[in-house]
Amino acid sequence: TLSNEQGEQVPIVYDAVARTLSVDRTHSGKDDFSDAFKTVTTAPVHGQLTTLRIFVDKSSIEVLDAEGKVSLTNIVFPTSPYLPLGQVSVFSP
């Protein structure tokens, strides 16, 4: 989960059982300009993911697996930067 000090967050979820990767931007930051912006994007995963590369800049998040099996890109508008990746929370079911 990418997050900032304002409580804005972007969970990135790999579901090995359903074989999907998703990015949830429903609480990612400024989103009052459109109800359609508050969404979870999901992509199918072929095989098993072992490594993800996550690129974060001022207004976008790109999630790629190391083998090119899946890629998700989302625009976000956080009111302050997300915490450095070294402080990202990772959970396993």
# chains A, B, ... in the order shown; residues from 1 in each chain; ligands from 1
>>> select_by_dssp(residues="chain A", states="helix (DSSP H, G or I)", output="number ranges by chain")
A: 35-37, 85-87
>>> write_last_selection(atoms="all heavy atoms", output="PDB file, in the first residue's frame")
ATOM      1  N   ASP A  35     -16.801  11.103 -10.097  1.00  0.00           N
ATOM      2  CA  ASP A  35     -17.056   9.845  -9.392  1.00  0.00           C
ATOM      3  C   ASP A  35     -16.453   8.669 -10.149  1.00  0.00           C
ATOM      4  O   ASP A  35     -16.088   7.665  -9.551  1.00  0.00           O
ATOM      5  CB  ASP A  35     -18.553   9.620  -9.193  1.00  0.00           C
ATOM      6  CG  ASP A  35     -19.119  10.512  -8.100  1.00  0.00           C
ATOM      7  OD1 ASP A  35     -18.343  10.961  -7.236  1.00  0.00           O
ATOM      8  OD2 ASP A  35     -20.334  10.769  -8.124  1.00  0.00           O
ATOM      9  N   ALA A  36     -16.318   8.785 -11.460  1.00  0.00           N
ATOM     10  CA  ALA A  36     -15.756   7.701 -12.263  1.00  0.00           C
ATOM     11  C   ALA A  36     -14.264   7.512 -12.010  1.00  0.00           C
ATOM     12  O   ALA A  36     -13.711   6.452 -12.294  1.00  0.00           O
ATOM     13  CB  ALA A  36     -15.997   7.966 -13.752  1.00  0.00           C
ATOM     14  N   PHE A  37     -13.597   8.533 -11.452  1.00  0.00           N
ATOM     15  CA  PHE A  37     -12.162   8.427 -11.181  1.00  0.00           C
ATOM     16  C   PHE A  37     -11.882   7.445 -10.048  1.00  0.00           C
ATOM     17  O   PHE A  37     -10.846   6.791 -10.029  1.00  0.00           O
ATOM     18  CB  PHE A  37     -11.584   9.805 -10.839  1.00  0.00           C
ATOM     19  CG  PHE A  37     -10.094   9.800 -10.663  1.00  0.00           C
ATOM     20  CD1 PHE A  37      -9.256   9.804 -11.761  1.00  0.00           C
ATOM     21  CD2 PHE A  37      -9.522   9.784  -9.399  1.00  0.00           C
ATOM     22  CE1 PHE A  37      -7.882   9.786 -11.607  1.00  0.00           C
ATOM     23  CE2 PHE A  37      -8.153   9.767  -9.235  1.00  0.00           C
ATOM     24  CZ  PHE A  37      -7.327   9.769 -10.343  1.00  0.00           C
ATOM     25  N   LEU A  85       9.271   4.316  -1.039  1.00  0.00           N
ATOM     26  CA  LEU A  85       8.961   2.896  -1.184  1.00  0.00           C
ATOM     27  C   LEU A  85       9.518   2.033  -0.075  1.00  0.00           C
ATOM     28  O   LEU A  85       8.987   0.972   0.214  1.00  0.00           O
ATOM     29  CB  LEU A  85       9.426   2.383  -2.543  1.00  0.00           C
ATOM     30  CG  LEU A  85       8.626   2.907  -3.734  1.00  0.00           C
ATOM     31  CD1 LEU A  85       9.162   2.322  -5.025  1.00  0.00           C
ATOM     32  CD2 LEU A  85       7.152   2.592  -3.585  1.00  0.00           C
ATOM     33  N   GLY A  86      10.564   2.469   0.588  1.00  0.00           N
ATOM     34  CA  GLY A  86      11.094   1.711   1.712  1.00  0.00           C
ATOM     35  C   GLY A  86      10.128   1.644   2.889  1.00  0.00           C
ATOM     36  O   GLY A  86      10.287   0.842   3.783  1.00  0.00           O
ATOM     37  N   GLN A  87       9.087   2.474   2.861  1.00  0.00           N
ATOM     38  CA  GLN A  87       8.116   2.527   3.940  1.00  0.00           C
ATOM     39  C   GLN A  87       6.735   2.011   3.496  1.00  0.00           C
ATOM     40  O   GLN A  87       5.745   2.258   4.143  1.00  0.00           O
ATOM     41  CB  GLN A  87       7.992   3.952   4.475  1.00  0.00           C
ATOM     42  CG  GLN A  87       9.298   4.482   5.031  1.00  0.00           C
ATOM     43  CD  GLN A  87       9.161   5.907   5.474  1.00  0.00           C
ATOM     44  OE1 GLN A  87       8.153   6.334   5.987  1.00  0.00           O
ATOM     45  NE2 GLN A  87      10.218   6.681   5.260  1.00  0.00           N
TER      46      GLN A  87
END
>>> closest_atom_pairs(of="range 14-36 of chain A", to="range 60-72 of chain A", cutoff="10 Å", atoms="only C-alpha atoms", output="CSV")
residue,atom,partner,partner_atom,distance
A:Thr20,CA,A:Val70,CA,9.1
A:Leu21,CA,A:Val70,CA,7.9
A:Ser22,CA,A:Leu72,CA,7.8
A:Val23,CA,A:Leu72,CA,7.6
A:Arg25,CA,A:Ile61,CA,9.9
>>> atom_distance(atom1="CA of Asn4 in chain A", atom2="CA of Thr42 in chain A")
22.7 Å
>>> select_by_dssp(residues="chain A", states="strand (DSSP E or B)", output="NGL selection string")
:A and (2-3 or 9-10 or 12-15 or 20-24 or 27 or 40-44 or 52-56 or 60-65 or 71-75)
>>> closest_residue(among="A:Val40, A:Ile75, A:Leu83, A:Leu49", to="Ile12 in chain A", atoms="only C-alpha atoms")
A:Val40
>>> atom_distance(atom1="CA of Gln6 in chain A", atom2="CA of Lys38 in chain A")
17.4 Å
>>> closest_residue(among="A:Asp24, A:Asp31, A:Asp15, A:Glu5", to="Thr73 in chain A", atoms="only C-alpha atoms")
A:Asp24
>>> closest_residue(among="A:Ile54, A:Val76, A:Val13, A:Val45", to="Ser28 in chain A", atoms="only C-alpha atoms")
A:Val76
>>> atom_distance(atom1="CA of Lys30 in chain A", atom2="CA of Val56 in chain A")
16.3 Å
>>> closest_residue(among="A:Thr79, A:His46, A:Pro84, A:Asp57", to="Tyr14 in chain A", atoms="only C-alpha atoms")
A:His46
>>> residues_around(residues="Leu2 in chain A", least_positions_apart="6", cutoff="7 Å", atoms="only C-alpha atoms", output="list of chain:residue names")
A:Gln9, A:Val10, A:Pro11, A:Tyr82, A:Leu83, A:Val88
>>> write_last_selection(atoms="C-alpha atoms", output="JSON list (two decimals), in the first residue's frame")
[["chain", "number", "residue", "atom", "x", "y", "z"],
["A", 9, "GLN", "CA", -3.52, 5.40, 0.03],
["A", 10, "VAL", "CA", -3.22, 3.18, -3.01],
["A", 11, "PRO", "CA", -3.37, -0.55, -2.27],
["A", 82, "TYR", "CA", 3.41, 9.13, -1.00],
["A", 83, "LEU", "CA", 5.97, 7.87, 1.49],
["A", 88, "VAL", "CA", 5.44, 0.73, 1.89]]
